[in-house]
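Colleague: So here's my_file-v3.cif, just mmCIF, C-alpha atoms and all ligand atoms:
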data_target
loop_
_atom_site.label_atom_id
_atom_site.label_comp_id
_atom_site.auth_asym_id
_atom_site.auth_seq_id
_atom_site.Cartn_x
_atom_site.Cartn_y
_atom_site.Cartn_z
CA MET A 78 59.89 -107.99 -57.15
CA ASN A 79 57.08 -105.61 -56.34
CA LEU A 80 53.74 -106.97 -55.20
CA ILE A 81 50.85 -104.97 -56.66
CA ASP A 82 48.43 -104.74 -53.75
CA GLY A 83 45.05 -104.76 -55.50
CA LYS A 84 43.19 -104.86 -52.22
CA ALA A 85 44.80 -101.65 -50.95
CA ILE A 86 44.38 -99.86 -54.29
CA ALA A 87 40.72 -100.97 -54.48
CA GLN A 88 40.12 -99.67 -50.95
CA ARG A 89 41.53 -96.28 -51.93
CA ILE A 90 39.30 -96.15 -55.02
CA ASN A 91 36.29 -97.19 -52.94
CA GLU A 92 36.95 -94.25 -50.61
CA GLU A 93 36.88 -91.91 -53.63
CA THR A 94 33.63 -93.57 -54.69
CA ARG A 95 32.18 -93.14 -51.19
CA ALA A 96 32.93 -89.41 -51.38
CA ALA A 97 31.40 -89.17 -54.86
CA ILE A 98 28.24 -90.92 -53.62
CA ALA A 99 27.96 -88.54 -50.66
CA GLU A 100 28.27 -85.60 -53.03
CA LEU A 101 25.57 -87.00 -55.36
CA LYS A 102 23.30 -87.68 -52.38
CA SER A 103 23.69 -84.08 -51.26
CA ARG A 104 22.17 -83.17 -54.64
CA GLY A 105 19.27 -85.60 -54.18
CA ILE A 106 20.67 -88.44 -56.28
CA THR A 107 21.33 -91.77 -54.55
CA PRO A 108 23.23 -94.06 -56.94
CA GLY A 109 21.37 -97.36 -57.21
CA LEU A 110 22.78 -100.74 -58.26
CA ALA A 111 20.56 -103.71 -59.11
CA VAL A 112 22.07 -107.18 -59.17
CA VAL A 113 20.11 -110.08 -60.62
CA VAL A 114 21.10 -113.66 -59.96
CA VAL A 115 19.35 -116.70 -61.39
CA GLY A 116 19.85 -120.21 -60.03
CA ASP A 117 21.99 -121.66 -57.24
CA ASP A 118 25.58 -121.47 -58.52
CA PRO A 119 27.56 -120.93 -55.27
CA ALA A 120 30.31 -118.82 -56.92
CA SER A 121 27.67 -116.53 -58.50
CA HIS A 122 25.98 -116.10 -55.12
CA ALA A 123 29.31 -115.28 -53.48
CA TYR A 124 30.07 -112.61 -56.14
CA VAL A 125 26.58 -111.12 -55.85
CA LYS A 126 26.82 -111.01 -52.08
CA SER A 127 30.09 -109.10 -52.13
CA LYS A 128 28.78 -106.66 -54.77
CA GLU A 129 25.67 -106.02 -52.66
CA LYS A 130 27.72 -105.63 -49.48
CA THR A 131 30.16 -103.16 -51.06
CA SER A 132 27.42 -101.06 -52.65
CA LEU A 133 25.57 -100.78 -49.32
CA ASP A 134 28.78 -100.03 -47.45
CA LEU A 135 29.57 -97.17 -49.84
CA GLY A 136 26.10 -95.68 -49.32
CA MET A 137 24.33 -96.78 -52.49
CA HIS A 138 20.76 -97.91 -52.95
CA SER A 139 21.02 -101.66 -53.52
CA VAL A 140 18.51 -103.96 -55.18
CA LYS A 141 18.94 -107.72 -55.31
CA ARG A 142 16.73 -109.99 -57.39
CA ASP A 143 17.37 -113.60 -56.41
CA MET A 144 15.51 -115.78 -58.92
CA PRO A 145 15.09 -119.57 -58.95
CA ALA A 146 16.83 -121.82 -61.51
CA THR A 147 13.40 -122.48 -63.06
CA THR A 148 13.00 -118.80 -64.06
CA THR A 149 11.99 -118.50 -67.71
CA GLN A 150 13.66 -116.25 -70.25
CA GLU A 151 10.52 -114.09 -70.40
CA GLU A 152 10.38 -113.71 -66.59
CA LEU A 153 14.02 -112.64 -66.51
CA LEU A 154 13.51 -110.17 -69.36
CA ALA A 155 10.51 -108.73 -67.51
CA VAL A 156 12.70 -108.11 -64.44
CA VAL A 157 15.35 -106.41 -66.58
CA ARG A 158 12.72 -104.19 -68.24
CA ALA A 159 11.30 -103.22 -64.85
CA LEU A 160 14.78 -102.27 -63.63
CA ASN A 161 15.39 -100.28 -66.85
CA ALA A 162 12.27 -98.27 -66.00
CA ASP A 163 13.06 -97.83 -62.28
CA PRO A 164 14.40 -94.30 -61.69
CA ALA A 165 16.06 -95.36 -58.41
CA VAL A 166 18.27 -97.84 -60.29
CA HIS A 167 21.23 -96.50 -62.29
CA GLY A 168 23.22 -99.69 -62.78
CA ILE A 169 21.98 -103.19 -63.66
CA LEU A 170 23.92 -106.41 -63.85
CA VAL A 171 22.79 -109.95 -64.39
CA GLN A 172 25.32 -112.29 -62.81
CA SER A 173 26.96 -114.69 -65.25
CA PRO A 174 26.53 -117.56 -65.94
CA PRO A 175 22.73 -117.94 -65.96
CA PRO A 176 21.16 -121.43 -66.17
CA LYS A 177 21.60 -123.15 -69.54
CA HIS A 178 18.05 -122.54 -70.79
CA ILE A 179 18.56 -118.76 -70.60
CA ASP A 180 19.87 -116.90 -73.66
CA GLU A 181 22.43 -114.68 -71.95
CA ARG A 182 23.03 -112.57 -75.07
CA ALA A 183 19.33 -111.64 -75.26
CA VAL A 184 19.31 -110.68 -71.57
CA VAL A 185 22.35 -108.41 -71.92
CA ASP A 186 20.86 -106.84 -75.04
CA ALA A 187 17.72 -106.01 -73.05
CA ILE A 188 19.62 -103.91 -70.47
CA ASP A 189 19.40 -100.17 -71.08
CA PRO A 190 22.94 -99.33 -72.33
CA ARG A 191 22.92 -96.28 -70.03
CA LYS A 192 22.54 -98.65 -67.05
CA ASP A 193 24.90 -101.35 -68.38
CA VAL A 194 27.56 -100.98 -65.66
CA ASP A 195 29.12 -104.34 -66.61
CA GLY A 196 29.86 -102.93 -70.08
CA PHE A 197 28.61 -106.01 -71.94
CA HIS A 198 25.87 -104.42 -74.08
CA PRO A 199 26.85 -104.22 -77.79
CA ILE A 200 26.67 -100.41 -77.69
CA ASN A 201 29.24 -100.29 -74.90
CA VAL A 202 31.39 -102.97 -76.55
CA ALA A 203 31.47 -100.84 -79.70
CA LYS A 204 32.23 -97.68 -77.76
CA VAL A 205 35.17 -99.36 -76.00
CA ALA A 206 36.51 -100.49 -79.39
CA MET A 207 36.12 -96.94 -80.70
CA GLY A 208 37.85 -95.42 -77.68
CA ASP A 209 34.69 -93.42 -76.91
CA ALA A 210 34.94 -91.92 -73.41
CA SER A 211 31.20 -92.36 -72.80
CA ALA A 212 31.54 -96.19 -72.82
CA PHE A 213 30.88 -98.32 -69.80
CA VAL A 214 34.07 -100.39 -69.72
CA PRO A 215 33.89 -103.98 -68.40
CA CYS A 216 34.98 -103.93 -64.77
CA THR A 217 37.78 -106.53 -64.79
CA PRO A 218 39.84 -105.08 -67.68
CA LEU A 219 39.14 -101.56 -66.38
CA GLY A 220 40.48 -102.68 -62.99
CA CYS A 221 43.61 -104.17 -64.58
CA GLN A 222 44.29 -100.94 -66.47
CA ARG A 223 43.76 -98.92 -63.30
CA LEU A 224 46.18 -101.20 -61.39
CA LEU A 225 48.85 -100.45 -63.99
CA ILE A 226 48.18 -96.71 -63.82
CA GLU A 227 48.10 -96.60 -60.00
CA SER A 228 51.34 -98.63 -59.84
CA GLY A 229 53.13 -96.18 -62.16
CA ILE A 230 53.64 -98.77 -64.91
CA GLU A 231 53.98 -97.10 -68.29
CA THR A 232 51.93 -98.74 -71.02
CA SER A 233 52.79 -96.31 -73.83
CA GLY A 234 54.99 -98.14 -76.33
CA ALA A 235 55.11 -101.27 -74.16
CA ASN A 236 54.74 -104.75 -75.66
CA VAL A 237 51.70 -106.20 -73.93
CA VAL A 238 50.52 -109.78 -74.31
CA VAL A 239 46.93 -110.48 -73.30
CA LEU A 240 46.46 -114.21 -72.75
CA GLY A 241 42.76 -115.00 -73.38
CA ARG A 242 40.23 -113.54 -75.83
CA SER A 243 36.91 -113.60 -73.94
CA MET A 244 34.40 -110.77 -74.30
CA ILE A 245 34.56 -110.25 -70.51
CA VAL A 246 38.31 -109.88 -70.11
CA GLY A 247 40.70 -110.53 -73.02
CA LYS A 248 39.13 -108.56 -75.87
CA PRO A 249 38.14 -105.42 -73.94
CA MET A 250 41.54 -105.52 -72.20
CA ALA A 251 43.27 -105.48 -75.58
CA PHE A 252 41.16 -102.52 -76.76
CA LEU A 253 41.84 -100.49 -73.60
CA LEU A 254 45.58 -101.02 -73.92
CA MET A 255 45.72 -100.19 -77.62
CA ASN A 256 43.44 -97.16 -77.42
CA LYS A 257 45.07 -93.74 -77.30
CA GLY A 258 45.77 -92.06 -73.97
CA ARG A 259 46.68 -92.79 -70.37
CA GLY A 260 46.91 -96.51 -69.63
CA GLY A 261 46.88 -97.18 -73.40
CA ASP A 262 49.13 -96.64 -76.44
CA ALA A 263 50.59 -100.13 -76.04
CA THR A 264 51.54 -102.60 -78.76
CA VAL A 265 49.12 -105.41 -78.02
CA THR A 266 49.23 -109.10 -78.89
CA VAL A 267 46.23 -111.26 -78.00
CA ALA A 268 47.04 -114.95 -77.49
CA HIS A 269 44.63 -117.87 -77.03
CA SER A 270 44.33 -121.64 -77.26
CA ARG A 271 45.26 -121.66 -80.97
CA THR A 272 48.33 -119.47 -80.61
CA ARG A 273 51.52 -121.10 -81.92
CA ASN A 274 54.70 -120.91 -79.79
CA LEU A 275 52.75 -119.51 -76.86
CA ALA A 276 55.71 -119.49 -74.46
CA GLU A 277 57.79 -117.51 -76.94
CA VAL A 278 54.94 -115.03 -77.56
CA CYS A 279 54.54 -114.52 -73.80
CA ARG A 280 58.29 -114.03 -73.34
CA GLY A 281 58.06 -111.02 -75.65
CA ALA A 282 55.83 -109.21 -73.16
CA ASP A 283 56.90 -106.22 -71.10
CA ILE A 284 53.45 -106.58 -69.53
CA LEU A 285 51.72 -109.98 -69.48
CA ILE A 286 48.03 -110.19 -68.61
CA ALA A 287 46.81 -113.73 -67.98
CA ALA A 288 43.06 -114.42 -68.24
CA ILE A 289 42.57 -118.03 -69.34
CA GLY A 290 41.07 -119.87 -66.36
CA GLN A 291 43.87 -122.48 -66.22
CA PRO A 292 45.38 -122.87 -62.75
CA GLU A 293 49.07 -121.83 -62.59
CA PHE A 294 49.43 -122.20 -66.37
CA VAL A 295 51.99 -119.41 -66.85
CA LYS A 296 55.38 -120.76 -65.79
CA ALA A 297 58.69 -118.97 -65.25
CA ASP A 298 60.00 -119.89 -68.73
CA MET A 299 57.08 -117.96 -70.30
CA VAL A 300 57.98 -114.68 -68.61
CA LYS A 301 60.72 -112.22 -69.50
CA GLU A 302 63.06 -111.05 -66.73
CA GLY A 303 61.72 -107.72 -65.41
CA ALA A 304 58.21 -108.12 -66.84
CA VAL A 305 55.03 -106.90 -65.17
CA VAL A 306 52.46 -109.70 -64.69
CA ILE A 307 48.74 -109.15 -64.05
CA ASP A 308 46.99 -112.38 -63.06
CA VAL A 309 43.23 -112.26 -63.70
CA GLY A 310 42.64 -115.98 -63.11
CA ILE A 311 40.53 -117.23 -60.21
CA ASN A 312 40.71 -121.02 -60.00
CA ARG A 313 39.70 -123.20 -57.09
CA VAL A 314 42.02 -126.19 -56.71
CA ALA A 315 42.27 -129.02 -54.18
CA ASP A 316 44.46 -128.28 -51.16
CA PRO A 317 44.55 -131.04 -48.54
CA THR A 318 46.61 -128.78 -46.22
CA SER A 319 43.80 -126.22 -45.84
CA ALA A 320 40.76 -126.62 -43.59
CA LYS A 321 38.42 -126.07 -46.56
CA GLY A 322 40.23 -128.71 -48.63
CA SER A 323 40.69 -126.21 -51.47
CA LYS A 324 42.31 -122.87 -52.24
CA LEU A 325 42.25 -120.14 -54.89
CA VAL A 326 45.09 -119.82 -57.37
CA GLY A 327 45.58 -117.63 -60.41
CA ASP A 328 46.52 -118.46 -63.98
CA VAL A 329 50.16 -117.78 -63.09
CA ALA A 330 52.49 -120.08 -61.12
CA PHE A 331 53.15 -117.28 -58.65
CA ALA A 332 55.99 -118.85 -56.63
CA GLU A 333 58.23 -119.45 -59.64
CA VAL A 334 57.20 -116.42 -61.73
CA ALA A 335 57.26 -113.69 -59.05
CA PRO A 336 61.06 -113.64 -58.56
CA LYS A 337 61.51 -112.73 -62.27
CA CYS A 338 59.00 -109.89 -62.24
CA ARG A 339 59.33 -106.16 -61.86
CA ALA A 340 55.81 -106.29 -60.44
CA ILE A 341 53.06 -108.90 -60.12
CA THR A 342 49.52 -109.18 -58.73
CA PRO A 343 48.70 -111.89 -56.17
CA VAL A 344 45.63 -114.18 -56.21
CA PRO A 345 43.60 -113.51 -54.15
CA GLY A 346 44.08 -109.79 -53.42
CA GLY A 347 45.02 -108.56 -56.89
CA VAL A 348 42.53 -108.09 -59.72
CA GLY A 349 39.49 -109.45 -57.81
CA PRO A 350 38.93 -106.48 -55.45
CA MET A 351 39.54 -104.09 -58.35
CA THR A 352 36.69 -105.63 -60.35
CA ILE A 353 34.21 -104.76 -57.61
CA ALA A 354 35.71 -101.31 -57.09
CA MET A 355 35.27 -100.60 -60.82
CA LEU A 356 31.65 -101.79 -60.69
CA MET A 357 30.97 -99.23 -57.97
CA HIS A 358 32.83 -96.58 -59.98
CA ASN A 359 30.75 -97.38 -63.09
CA THR A 360 27.52 -97.15 -61.09
CA VAL A 361 28.44 -93.67 -59.88
CA LEU A 362 29.20 -92.71 -63.50
CA ALA A 363 25.76 -94.00 -64.53
CA ALA A 364 24.08 -92.06 -61.72
CA ARG A 365 25.88 -88.87 -62.77
CA ARG A 366 24.84 -89.35 -66.39
CA ILE A 367 21.22 -90.32 -65.77
CA GLY A 368 20.96 -87.99 -62.83
CA ILE A 369 17.38 -88.56 -61.71
CA SER A 370 16.57 -90.35 -58.48
CA PRO A 371 13.63 -89.86 -56.20
CA LYS A 372 15.58 -91.30 -53.24
P1 LIG B 1 36.88 -117.79 -70.72
O1 LIG B 1 36.83 -119.24 -70.43
O2 LIG B 1 35.68 -117.10 -71.27
O3 LIG B 1 38.06 -117.50 -71.75
C1 LIG B 1 39.31 -118.13 -71.59
C2 LIG B 1 40.24 -117.69 -72.69
O4 LIG B 1 41.50 -118.28 -72.44
C3 LIG B 1 39.80 -118.14 -74.08
O5 LIG B 1 40.06 -117.11 -75.00
C4 LIG B 1 40.68 -119.36 -74.35
O6 LIG B 1 41.06 -119.51 -75.69
C5 LIG B 1 41.93 -119.01 -73.56
N1 LIG B 1 42.62 -120.23 -73.13
C6 LIG B 1 42.10 -121.25 -72.39
N2 LIG B 1 43.04 -122.20 -72.21
C7 LIG B 1 44.15 -121.77 -72.84
C8 LIG B 1 45.44 -122.31 -73.02
N3 LIG B 1 45.77 -123.50 -72.48
N4 LIG B 1 46.34 -121.61 -73.71
C9 LIG B 1 46.01 -120.43 -74.25
N5 LIG B 1 44.81 -119.85 -74.12
C10 LIG B 1 43.89 -120.52 -73.43
O7 LIG B 1 37.39 -117.11 -69.38
P2 LIG B 1 37.23 -115.59 -68.82
O8 LIG B 1 37.91 -114.64 -69.72
O9 LIG B 1 35.83 -115.35 -68.43
O10 LIG B 1 38.06 -115.74 -67.45
C11 LIG B 1 39.43 -116.02 -67.44
C12 LIG B 1 39.89 -116.19 -66.01
O11 LIG B 1 39.72 -114.96 -65.33
C13 LIG B 1 39.11 -117.23 -65.19
O12 LIG B 1 40.00 -117.84 -64.26
C14 LIG B 1 38.10 -116.40 -64.44
O13 LIG B 1 37.70 -117.01 -63.22
C15 LIG B 1 38.90 -115.16 -64.18
N6 LIG B 1 38.10 -113.96 -63.98
C16 LIG B 1 38.42 -113.19 -62.92
C17 LIG B 1 37.74 -112.03 -62.68
C18 LIG B 1 38.17 -111.19 -61.53
O14 LIG B 1 37.39 -110.40 -61.06
N7 LIG B 1 39.41 -111.29 -61.08
C19 LIG B 1 36.59 -111.62 -63.50
C20 LIG B 1 36.40 -112.44 -64.68
C21 LIG B 1 37.12 -113.59 -64.88
P3 LIG B 1 40.00 -119.86 -76.86
O15 LIG B 1 39.23 -118.60 -77.10
O16 LIG B 1 40.88 -120.23 -78.00
O17 LIG B 1 39.15 -120.97 -76.34
#
What does this structure look like when you write it as structure tokens?
Ligand code: NDP

Modeller:
Amino acid sequence: MNLIDGKAIAQRINEETRAAIAELKSRGITPGLAVVVVGDDPASHAYVKSKEKTSLDLGMHSVKRDMPATTTQEELLAVVRALNADPAVHGILVQSPPPKHIDERAVVDAIDPRKDVDGFHPINVAKVAMGDASAFVPCTPLGCQRLLIESGIETSGANVVVLGRSMIVGKPMAFLLMNKGRGGDATVTVAHSRTRNLAEVCRGADILIAAIGQPEFVKADMVKEGAVVIDVGINRVADPTSAKGSKLVGDVAFAEVAPKCRAITPVPGGVGPMTIAMLMHNTVLAARRIGISPK
């Protein structure tokens, strides 16, 4: 079994991004990332903090808008519009999930598609489906594809099963893998909660990508001998043996599945760091494309 070290691969990519930022700065363009968070969800604040920290560490201009849970839809839209108009900001993301009274769809639709570094705007969703190279691709599936490429895992002609059909992970993942070209050309099956004979479907996979949000759901009998497994899941579960009283596990029962695999990602240290690395990569792309920055 080969452990796919997402942390090490993400660090390497971040170094490439750091160099790209330095080069852009030498031409008078400082890539800028704006992160908006609404409410007090602790996981959202942790994600936003690490995105802010990484962007600053790599030399970007970083903007954080921390808004109270009582923020109205109109106030949030006004912040998004201001960021759209700010020439020092090239990438905008609004951390999900917002409080219940906010219409998340309307907020994403309000982001300038040229600054939509999360890749959730309908224009970018359509471009990903079309295989258009100018798309901003959602960071988590882009990171999974990059992990496969960097680990020398051939996707062309492979049977891939994507477990989960969300707009954030499952669906864009399936498009990336079925599109033509490097890291694509796979035969893709998308499975979800209504899939019949799920274990059998998963056993058909040369590459299994699990993104369902169910702790340690994928067991050894669902995985073919010699398969590659990418575990997107991040689930906090009780752990009386740890000081915190809890720990993070993936959607895959790592201990029993890993011995069967040709390669597998750990949780934590697999897909998670790649998601942030791809966000930084997308922000540099946006800065190159938009190109103006007074900083
Ligand atoms: P969603 O809840 O939006 O989607 C879950 C998907 O899994 C749905 O399509 C659902 O099916 C399917 N599903 C749920 N339970 C089962 C089941 N028992 N059998 C088969 N399919 C099932 O989750 P996300 O896509 O947003 O996230 C998935 C996981 O990835 C989570 O653990 C999340 O924390 C993690 N994640 C990690 C990231 C990272 O950076 N590493 C980034 C984003 C997410 P249906 O549509 O039928 O309901």

Colleague: Counting only C-alpha atoms and all ligand atoms, what are the residues, protein, DNA or RNA alike, that approach ligand LIG 1 (chain B) to within 10 Å? I want them as a VMD selection string.

Modeller: chain A and resid 120 124 173 to 174 215 to 218 220 to 221 239 to 248 267 to 273 275 to 276 287 to 292 294 to 295 308 to 313 325 to 328 344 to 353

Colleague: Give the answer as one residue: which of A:Val112, A:Met299, A:Met357, A:Gln88 has the shortest atom-to-atom distance to A:Val329, using all atoms listed in the file?

Modeller: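 Smallest separation from A:Val329 among the options: A:Met299.
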
Colleague: Up to 9 Å from (18.1, -110.4, -54.9) in the file's coordinates: name the residues, counting only C-alpha atoms, as a list in words.

Modeller: Ala111, Val112, Val113, Val114, Val125, Val140, Lys141, Arg142, Asp143 and Met144 of chain A

Colleague: Between atom CA of A:Ala87 and atom CA of A:Lys130, measure the distance and give it in Å to one decimal.

Modeller: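 For atom CA of A:Ala87 relative to atom CA of A:Lys130, the distance reads 14.7 Å.
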
Colleague: Pick the closest to A:Ala330 from A:Glu293, A:Asp316, A:Asp189, A:Glu302: which is it, counting all atoms listed in the file?

Modeller: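 Among A:Glu293, A:Asp316, A:Asp189, A:Glu302, it is A:Glu293 that comes nearest to A:Ala330.
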
Colleague: Within 12 Å of (29.9, -99.9, -47.2) (file coordinates; all atoms listed in the file), which protein or nucleic acid residues are there? I'd like them as an mmCIF file with C-alpha atoms, in the frame of the given file.

Modeller:
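Printed below is selection_12.cif as written:
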data_model
loop_
_atom_site.group_PDB
_atom_site.id
_atom_site.type_symbol
_atom_site.label_atom_id
_atom_site.label_comp_id
_atom_site.auth_asym_id
_atom_site.auth_seq_id
_atom_site.Cartn_x
_atom_site.Cartn_y
_atom_site.Cartn_z
ATOM 1 C CA GLN A 88 40.120 -99.670 -50.950
ATOM 2 C CA ASN A 91 36.290 -97.190 -52.940
ATOM 3 C CA GLU A 92 36.950 -94.250 -50.610
ATOM 4 C CA THR A 94 33.630 -93.570 -54.690
ATOM 5 C CA ARG A 95 32.180 -93.140 -51.190
ATOM 6 C CA ALA A 96 32.930 -89.410 -51.380
ATOM 7 C CA ILE A 98 28.240 -90.920 -53.620
ATOM 8 C CA SER A 127 30.090 -109.100 -52.130
ATOM 9 C CA LYS A 128 28.780 -106.660 -54.770
ATOM 10 C CA GLU A 129 25.670 -106.020 -52.660
ATOM 11 C CA LYS A 130 27.720 -105.630 -49.480
ATOM 12 C CA THR A 131 30.160 -103.160 -51.060
ATOM 13 C CA SER A 132 27.420 -101.060 -52.650
ATOM 14 C CA LEU A 133 25.570 -100.780 -49.320
ATOM 15 C CA ASP A 134 28.780 -100.030 -47.450
ATOM 16 C CA LEU A 135 29.570 -97.170 -49.840
ATOM 17 C CA GLY A 136 26.100 -95.680 -49.320
ATOM 18 C CA MET A 137 24.330 -96.780 -52.490
ATOM 19 C CA HIS A 138 20.760 -97.910 -52.950
ATOM 20 C CA SER A 139 21.020 -101.660 -53.520
ATOM 21 C CA ALA A 354 35.710 -101.310 -57.090
ATOM 22 C CA MET A 357 30.970 -99.230 -57.970
#

Colleague: Could you check which of A:Lys321, A:Lys102, A:Arg366, A:Arg280 is closest to A:Lys192, using all atoms listed in the file?

Modeller: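 Looking at the shortest contact to A:Lys192, the residue is A:Arg366.
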
Colleague: Between A:Ile81, A:Val194, A:Val171, A:Val184, single out the one closest to A:Ala364, counting only C-alpha atoms.

Modeller: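 Smallest distance to A:Ala364 is found for A:Val194.
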
Colleague: From the options A:Ala85, A:Val202, A:Met355, A:Leu154, which residue's atoms come nearest to A:Asp180, counting all atoms listed in the file?

Modeller: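 Selected residue with least distance to A:Asp180: A:Leu154.
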
Colleague: What would stretch 150-168 of chain A look like with N, CA, C and O atoms in place, written as a PDB file, in the frame of the given file?

Modeller:
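part_30.pdb written:
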ATOM      1  N   GLN A 150      13.051-117.372 -69.529  1.00  0.00           N
ATOM      2  CA  GLN A 150      13.660-116.250 -70.250  1.00  0.00           C
ATOM      3  C   GLN A 150      12.758-115.011 -70.161  1.00  0.00           C
ATOM      4  O   GLN A 150      13.220-113.910 -69.880  1.00  0.00           O
ATOM      5  N   GLU A 151      11.453-115.214 -70.387  1.00  0.00           N
ATOM      6  CA  GLU A 151      10.520-114.090 -70.400  1.00  0.00           C
ATOM      7  C   GLU A 151      10.434-113.434 -69.018  1.00  0.00           C
ATOM      8  O   GLU A 151      10.396-112.201 -68.912  1.00  0.00           O
ATOM      9  N   GLU A 152      10.432-114.262 -67.955  1.00  0.00           N
ATOM     10  CA  GLU A 152      10.380-113.710 -66.590  1.00  0.00           C
ATOM     11  C   GLU A 152      11.634-112.869 -66.305  1.00  0.00           C
ATOM     12  O   GLU A 152      11.554-111.790 -65.718  1.00  0.00           O
ATOM     13  N   LEU A 153      12.769-113.371 -66.739  1.00  0.00           N
ATOM     14  CA  LEU A 153      14.020-112.640 -66.510  1.00  0.00           C
ATOM     15  C   LEU A 153      14.020-111.325 -67.302  1.00  0.00           C
ATOM     16  O   LEU A 153      14.388-110.263 -66.774  1.00  0.00           O
ATOM     17  N   LEU A 154      13.569-111.398 -68.548  1.00  0.00           N
ATOM     18  CA  LEU A 154      13.510-110.170 -69.360  1.00  0.00           C
ATOM     19  C   LEU A 154      12.556-109.154 -68.748  1.00  0.00           C
ATOM     20  O   LEU A 154      12.829-107.949 -68.772  1.00  0.00           O
ATOM     21  N   ALA A 155      11.474-109.645 -68.144  1.00  0.00           N
ATOM     22  CA  ALA A 155      10.510-108.730 -67.510  1.00  0.00           C
ATOM     23  C   ALA A 155      11.167-108.007 -66.327  1.00  0.00           C
ATOM     24  O   ALA A 155      10.942-106.807 -66.121  1.00  0.00           O
ATOM     25  N   VAL A 156      11.995-108.734 -65.575  1.00  0.00           N
ATOM     26  CA  VAL A 156      12.700-108.110 -64.440  1.00  0.00           C
ATOM     27  C   VAL A 156      13.672-107.051 -64.957  1.00  0.00           C
ATOM     28  O   VAL A 156      13.756-105.930 -64.419  1.00  0.00           O
ATOM     29  N   VAL A 157      14.392-107.380 -66.009  1.00  0.00           N
ATOM     30  CA  VAL A 157      15.350-106.410 -66.580  1.00  0.00           C
ATOM     31  C   VAL A 157      14.612-105.162 -67.052  1.00  0.00           C
ATOM     32  O   VAL A 157      15.032-104.025 -66.773  1.00  0.00           O
ATOM     33  N   ARG A 158      13.484-105.356 -67.735  1.00  0.00           N
ATOM     34  CA  ARG A 158      12.720-104.190 -68.240  1.00  0.00           C
ATOM     35  C   ARG A 158      12.212-103.327 -67.095  1.00  0.00           C
ATOM     36  O   ARG A 158      12.242-102.094 -67.174  1.00  0.00           O
ATOM     37  N   ALA A 159      11.795-103.981 -66.007  1.00  0.00           N
ATOM     38  CA  ALA A 159      11.300-103.220 -64.850  1.00  0.00           C
ATOM     39  C   ALA A 159      12.449-102.399 -64.242  1.00  0.00           C
ATOM     40  O   ALA A 159      12.259-101.244 -63.853  1.00  0.00           O
ATOM     41  N   LEU A 160      13.629-102.990 -64.180  1.00  0.00           N
ATOM     42  CA  LEU A 160      14.780-102.270 -63.630  1.00  0.00           C
ATOM     43  C   LEU A 160      15.197-101.123 -64.566  1.00  0.00           C
ATOM     44  O   LEU A 160      15.593-100.043 -64.109  1.00  0.00           O
ATOM     45  N   ASN A 161      15.098-101.357 -65.878  1.00  0.00           N
ATOM     46  CA  ASN A 161      15.390-100.280 -66.850  1.00  0.00           C
ATOM     47  C   ASN A 161      14.507 -99.064 -66.564  1.00  0.00           C
ATOM     48  O   ASN A 161      14.942 -97.915 -66.695  1.00  0.00           O
ATOM     49  N   ALA A 162      13.250 -99.354 -66.171  1.00  0.00           N
ATOM     50  CA  ALA A 162      12.270 -98.270 -66.000  1.00  0.00           C
ATOM     51  C   ALA A 162      12.302 -97.669 -64.591  1.00  0.00           C
ATOM     52  O   ALA A 162      11.648 -96.658 -64.343  1.00  0.00           O
ATOM     53  N   ASP A 163      13.061 -98.277 -63.684  1.00  0.00           N
ATOM     54  CA  ASP A 163      13.060 -97.830 -62.280  1.00  0.00           C
ATOM     55  C   ASP A 163      14.033 -96.643 -62.106  1.00  0.00           C
ATOM     56  O   ASP A 163      15.244 -96.801 -62.248  1.00  0.00           O
ATOM     57  N   PRO A 164      13.514 -95.466 -61.794  1.00  0.00           N
ATOM     58  CA  PRO A 164      14.400 -94.300 -61.690  1.00  0.00           C
ATOM     59  C   PRO A 164      15.366 -94.355 -60.515  1.00  0.00           C
ATOM     60  O   PRO A 164      16.345 -93.594 -60.479  1.00  0.00           O
ATOM     61  N   ALA A 165      15.129 -95.249 -59.543  1.00  0.00           N
ATOM     62  CA  ALA A 165      16.060 -95.360 -58.410  1.00  0.00           C
ATOM     63  C   ALA A 165      17.245 -96.273 -58.729  1.00  0.00           C
ATOM     64  O   ALA A 165      18.174 -96.390 -57.940  1.00  0.00           O
ATOM     65  N   VAL A 166      17.196 -96.915 -59.895  1.00  0.00           N
ATOM     66  CA  VAL A 166      18.270 -97.840 -60.290  1.00  0.00           C
ATOM     67  C   VAL A 166      19.059 -97.219 -61.450  1.00  0.00           C
ATOM     68  O   VAL A 166      18.492 -96.887 -62.490  1.00  0.00           O
ATOM     69  N   HIS A 167      20.371 -97.078 -61.232  1.00  0.00           N
ATOM     70  CA  HIS A 167      21.230 -96.500 -62.290  1.00  0.00           C
ATOM     71  C   HIS A 167      22.103 -97.542 -62.961  1.00  0.00           C
ATOM     72  O   HIS A 167      22.555 -97.343 -64.087  1.00  0.00           O
ATOM     73  N   GLY A 168      22.376 -98.633 -62.228  1.00  0.00           N
ATOM     74  CA  GLY A 168      23.220 -99.690 -62.780  1.00  0.00           C
ATOM     75  C   GLY A 168      22.525-101.035 -62.633  1.00  0.00           C
ATOM     76  O   GLY A 168      21.926-101.315 -61.598  1.00  0.00           O
TER      77      GLY A 168
END
